[in-house]
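Note sheet for the following structure.
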Amino acid sequence: MLRILSLKFILLIFFIGISTFGYAQVKPNLGNTSRLLSQAMGAMEREEFNKANEYFRQIIQSNAPIPPEMPYLFAETLFHLGQFDNSLNFLNKYLDLNGFKGEHYEQAKELQAKLAPKIEEIKACQLCDRKGYRLVDCSTCNGTTHLEQDCRICRGNGIVGCSRCAGKGLVTKKNVFNIVEYYDCERCDGNGRLTCPKCEGDKIEYGECRTCQGTGHIPSEKLCDHQDQTDLSDKRTSFRMPFSPH
Ligand SMILES: [Zn+2]
Ligand SMILES: [Zn+2]
Ligand SMILES: [Zn+2]
Ligand SMILES: [Zn+2]
């Protein structure tokens with residue numbers, strides 16, 4: 001009873017809140033979504049695709065239901081911004097959700113055709129990642145692909161727990177009278193710990209850079225134009241080396 005009363009009370013406060021502070025402060029999500037959607041479409045008409053992108057992202061972040069035509073409109077916007085991989089994701093989502101019944105089905109098919117060669121360019125280019133972002137030298141290994149890092153096995157401690165005695169330093173054995181007796185663990189001489197077998201106590205190991213998984217480069221924020229720049233020509237070999245042509 002008390003809980004129901006307090007719920008009513010909260011709801012009352014809530015409605016008072018709406019009427020006192022007005023529509024602007026407590027916006028119903030659906031109205032918000034349709035407002036943002038029409039703002040996004042207006043921006044698209046004016047070819048202000050960066051603005052449209054912001055409105056679409058606000059809709060996604062609001063966690064309100066996504067209007068059924070929005071994935072197409074967002075895909076179109078992303079296409080104009082050169083984010084082809086992301087554009088294809090939303091286009092596929094649109095076609096999955098609406099099939100040929102979608103209001104923008106014809107345009108979606110056209111966009112699909114326009115995207116295909118762009119996606120092929122990304123796949124064929126070795127200067128960008130599979131989303132089309134330009135690769136730069138990995139800042140952890142400076143593009144060298146390998147370096148000294150904390151040993152993975154001992155996490156840079158140089159020692160590991162003995163597995164035979166579970167780190168206790170003692171093992172139990174039953175004697176001829178079936179009585180349990182304790183002995184120092186032979187493997188770790190009763191210490192419970194062993195020198196790390198991987199780094200032999202050095203705490204570091206030389207191996208593949210974990211930031212770039214040994215490729216020597218990481219994607220930047222910059223979309224790739226798939227053009228080799230002359231000032232990067234001396235780095236070209238390091239870009240191309242880890243890839244096998246396919
Ligand atoms: Zn042991
Ligand atoms: Zn180690
Ligand atoms: Zn690296
Ligand atoms: Zn590229």
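By order of appearance in the structure tokens: chains A, B, ..., then residues from 1 within every chain, and ligands from 1 in the order shown.
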* All residues within 12 Å of ligand 2 are required, counting only C-alpha atoms and all ligand atoms; please report them as a VMD selection string. => chain A and resid 148 to 161 194 to 206
Closest atom pairs, residues of chain A within 6 Å of ligand 3, only C-alpha atoms and all ligand atoms, as a Markdown table:
```
| residue | atom | partner | partner_atom_place_in_ligand_line | distance |
| --- | --- | --- | --- | --- |
| A:Cys138 | CA | ligand 3 | 1 (Zn) | 4.5 |
| A:Thr140 | CA | ligand 3 | 1 (Zn) | 5.0 |
| A:Cys141 | CA | ligand 3 | 1 (Zn) | 4.2 |
| A:Gly143 | CA | ligand 3 | 1 (Zn) | 5.7 |
| A:Thr145 | CA | ligand 3 | 1 (Zn) | 5.0 |
| A:Cys209 | CA | ligand 3 | 1 (Zn) | 4.5 |
| A:Thr211 | CA | ligand 3 | 1 (Zn) | 5.0 |
| A:Cys212 | CA | ligand 3 | 1 (Zn) | 4.1 |
| A:Gly214 | CA | ligand 3 | 1 (Zn) | 5.8 |
| A:Gly216 | CA | ligand 3 | 1 (Zn) | 4.6 |
```
* **Test item: residues no farther than 12 Å from ligand 1, counting only C-alpha atoms and all ligand atoms, as an MDAnalysis selection string** => chainID A and resid 160:172 183:195
* To do: Write as an MDAnalysis selection string the residues around ligand 4, taking 10 Å as the cut-off and counting only C-alpha atoms and all ligand atoms.
  => chainID A and resid 121:135 223:228
Contacts between range 33-37 of chain A and range 52-97 of chain A, please, where a residue of range 52-97 of chain A counts if it comes within 7 Å (with only C-alpha atoms); show its shortest atom pair and distance in Å to one decimal, rows by chain and ascending number, as JSON lines.
```
{"residue": "A:Tyr55", "atom": "CA", "partner": "A:Leu36", "partner_atom": "CA", "distance": 5.7}
{"residue": "A:Phe56", "atom": "CA", "partner": "A:Leu37", "partner_atom": "CA", "distance": 7.0}
{"residue": "A:Ile59", "atom": "CA", "partner": "A:Thr33", "partner_atom": "CA", "distance": 5.9}
```
Selected residues written out, N, CA and C atoms, as a PDB file, in the first residue's frame:
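Final output, saved to selection16.pdb:
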```pdb
ATOM      1  N   TYR A  55      22.588  15.119 -36.267  1.00  0.00           N
ATOM      2  CA  TYR A  55      21.198  14.870 -35.876  1.00  0.00           C
ATOM      3  C   TYR A  55      20.909  13.367 -35.800  1.00  0.00           C
ATOM      4  N   PHE A  56      21.382  12.634 -36.805  1.00  0.00           N
ATOM      5  CA  PHE A  56      21.154  11.182 -36.799  1.00  0.00           C
ATOM      6  C   PHE A  56      21.801  10.538 -35.573  1.00  0.00           C
ATOM      7  N   ILE A  59      19.754  10.954 -32.530  1.00  0.00           N
ATOM      8  CA  ILE A  59      18.620  10.013 -32.483  1.00  0.00           C
ATOM      9  C   ILE A  59      19.094   8.660 -31.955  1.00  0.00           C
TER      10      ILE A  59
END
```
* Structure fact -> CA of Glu110 in chain A to CA of Pro68 in chain A measures 18.4 Å
* To do: Pick out each residue of range 85-200 of chain A that DSSP on the backbone tags as helix (DSSP H, G or I); I need them as number ranges by chain.
  => A: 85-101, 105-124
* Asked: Could you write out, as number ranges by chain, all the residues of range 33-179 of chain A that DSSP marks as strand (DSSP E)?
  -> A: 133-137, 146-150, 159-161, 170-174
Which residues are close to Phe74 in chain A, i.e. within 12 Å by only C-alpha atoms, leaving aside same-chain residues fewer than 3 positions away? Reply as a tab-separated table (two decimals) with N, CA and C atoms, in the first residue's frame.
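The resulting out-v7.tsv:
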```tsv
chain	number	residue	atom	x	y	z
A	37	LEU	N	14.73	14.07	-36.77
A	37	LEU	CA	14.70	13.48	-38.11
A	37	LEU	C	14.40	14.54	-39.17
A	40	ALA	N	17.41	16.62	-39.62
A	40	ALA	CA	18.43	15.90	-40.39
A	40	ALA	C	18.09	15.94	-41.88
A	41	MET	N	16.81	15.73	-42.20
A	41	MET	CA	16.40	15.71	-43.61
A	41	MET	C	16.55	17.09	-44.23
A	43	ALA	N	18.81	19.29	-43.33
A	43	ALA	CA	20.25	19.45	-43.53
A	43	ALA	C	20.70	18.69	-44.78
A	44	MET	N	20.14	17.50	-45.00
A	44	MET	CA	20.49	16.73	-46.20
A	44	MET	C	20.10	17.50	-47.47
A	49	PHE	N	25.85	17.74	-44.84
A	49	PHE	CA	25.84	16.35	-44.39
A	49	PHE	C	26.49	16.17	-43.01
A	50	ASN	N	27.43	17.04	-42.67
A	50	ASN	CA	28.00	16.96	-41.30
A	50	ASN	C	26.93	17.24	-40.25
A	51	LYS	N	26.08	18.21	-40.54
A	51	LYS	CA	25.00	18.55	-39.61
A	51	LYS	C	24.00	17.39	-39.53
A	52	ALA	N	23.62	16.88	-40.72
A	52	ALA	CA	22.68	15.76	-40.76
A	52	ALA	C	23.22	14.59	-39.94
A	53	ASN	N	24.51	14.33	-40.11
A	53	ASN	CA	25.20	13.27	-39.35
A	53	ASN	C	25.01	13.47	-37.84
A	54	GLU	N	25.16	14.72	-37.38
A	54	GLU	CA	25.00	15.01	-35.94
A	54	GLU	C	23.57	14.71	-35.47
A	55	TYR	N	22.59	15.12	-36.27
A	55	TYR	CA	21.20	14.87	-35.88
A	55	TYR	C	20.91	13.37	-35.80
A	56	PHE	N	21.38	12.63	-36.81
A	56	PHE	CA	21.15	11.18	-36.80
A	56	PHE	C	21.80	10.54	-35.57
A	57	ARG	N	23.01	10.99	-35.25
A	57	ARG	CA	23.69	10.41	-34.09
A	57	ARG	C	22.96	10.73	-32.78
A	58	GLN	N	22.34	11.92	-32.74
A	58	GLN	CA	21.55	12.25	-31.54
A	58	GLN	C	20.35	11.31	-31.41
A	59	ILE	N	19.75	10.95	-32.53
A	59	ILE	CA	18.62	10.01	-32.48
A	59	ILE	C	19.09	8.66	-31.95
A	60	ILE	N	20.24	8.19	-32.47
A	60	ILE	CA	20.76	6.89	-32.05
A	60	ILE	C	21.09	6.92	-30.56
A	66	ILE	N	14.27	3.71	-33.58
A	66	ILE	CA	14.77	4.33	-34.81
A	66	ILE	C	13.65	4.34	-35.86
A	67	PRO	N	13.34	5.50	-36.42
A	67	PRO	CA	12.30	5.52	-37.47
A	67	PRO	C	12.71	4.60	-38.63
A	68	PRO	N	11.73	3.88	-39.22
A	68	PRO	CA	12.06	2.85	-40.21
A	68	PRO	C	12.85	3.35	-41.43
A	69	GLU	N	12.62	4.60	-41.84
A	69	GLU	CA	13.35	5.09	-43.02
A	69	GLU	C	14.71	5.66	-42.68
A	70	MET	N	14.98	5.81	-41.39
A	70	MET	CA	16.22	6.48	-41.00
A	70	MET	C	17.49	5.76	-41.45
A	71	PRO	N	17.58	4.42	-41.35
A	71	PRO	CA	18.85	3.79	-41.76
A	71	PRO	C	19.25	4.14	-43.19
A	77	THR	N	23.71	9.89	-46.02
A	77	THR	CA	24.54	10.93	-45.42
A	77	THR	C	25.98	10.46	-45.28
A	78	LEU	N	26.15	9.24	-44.77
A	78	LEU	CA	27.50	8.70	-44.56
A	78	LEU	C	28.23	8.52	-45.89
A	79	PHE	N	27.47	8.19	-46.94
A	79	PHE	CA	28.07	8.07	-48.26
A	79	PHE	C	28.68	9.41	-48.67
A	80	HIS	N	27.93	10.49	-48.45
A	80	HIS	CA	28.43	11.81	-48.82
A	80	HIS	C	29.62	12.23	-47.96
A	81	LEU	N	29.70	11.68	-46.75
A	81	LEU	CA	30.83	12.02	-45.88
A	81	LEU	C	32.03	11.11	-46.14
A	83	GLN	N	32.20	7.95	-45.52
A	83	GLN	CA	32.29	6.82	-44.58
A	83	GLN	C	31.56	5.62	-45.21
A	84	PHE	N	32.22	5.03	-46.21
A	84	PHE	CA	31.54	4.04	-47.04
A	84	PHE	C	31.22	2.75	-46.29
A	86	ASN	N	30.67	2.31	-43.06
A	86	ASN	CA	29.56	2.59	-42.15
A	86	ASN	C	28.26	2.78	-42.92
A	87	SER	N	28.36	3.44	-44.08
A	87	SER	CA	27.19	3.64	-44.94
A	87	SER	C	26.60	2.30	-45.35
A	88	LEU	N	27.48	1.38	-45.74
A	88	LEU	CA	27.02	0.05	-46.17
A	88	LEU	C	26.32	-0.68	-45.01
A	89	ASN	N	26.86	-0.54	-43.79
A	89	ASN	CA	26.24	-1.17	-42.63
A	89	ASN	C	24.79	-0.71	-42.46
A	90	PHE	N	24.58	0.62	-42.55
A	90	PHE	CA	23.22	1.14	-42.34
A	90	PHE	C	22.32	0.81	-43.53
A	91	LEU	N	22.90	0.79	-44.72
A	91	LEU	CA	22.11	0.43	-45.90
A	91	LEU	C	21.64	-1.02	-45.80
A	92	ASN	N	22.54	-1.90	-45.40
A	92	ASN	CA	22.15	-3.31	-45.23
A	92	ASN	C	21.08	-3.46	-44.16
A	93	LYS	N	21.24	-2.68	-43.09
A	93	LYS	CA	20.24	-2.72	-42.01
A	93	LYS	C	18.88	-2.29	-42.56
A	94	TYR	N	18.90	-1.24	-43.37
A	94	TYR	CA	17.65	-0.73	-43.96
A	94	TYR	C	16.98	-1.80	-44.82
A	104	HIS	N	12.16	4.06	-49.48
A	104	HIS	CA	13.35	4.44	-50.26
A	104	HIS	C	14.01	3.22	-50.90
A	108	ALA	N	17.72	3.04	-52.24
A	108	ALA	CA	18.63	2.18	-51.49
A	108	ALA	C	19.41	1.28	-52.45
A	111	LEU	N	22.00	3.37	-54.12
A	111	LEU	CA	23.13	3.63	-53.22
A	111	LEU	C	24.02	2.40	-53.10
```
* **Residue nearest Leu73 in chain A among A:Gln112, A:Gln229, A:Gln107, A:Ser220 (counting only C-alpha atoms)** => A:Gln107
* **Counting only C-alpha atoms, the residue of A:Ala64, A:Val176, A:Ile119, A:Ile218 that sits nearest Asn142 in chain A** => A:Ile218
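Across A:Asn175, A:Tyr72, A:Gly42, A:Val136, the tightest approach to Leu97 in chain A is made by A:Tyr72 when counting only C-alpha atoms.
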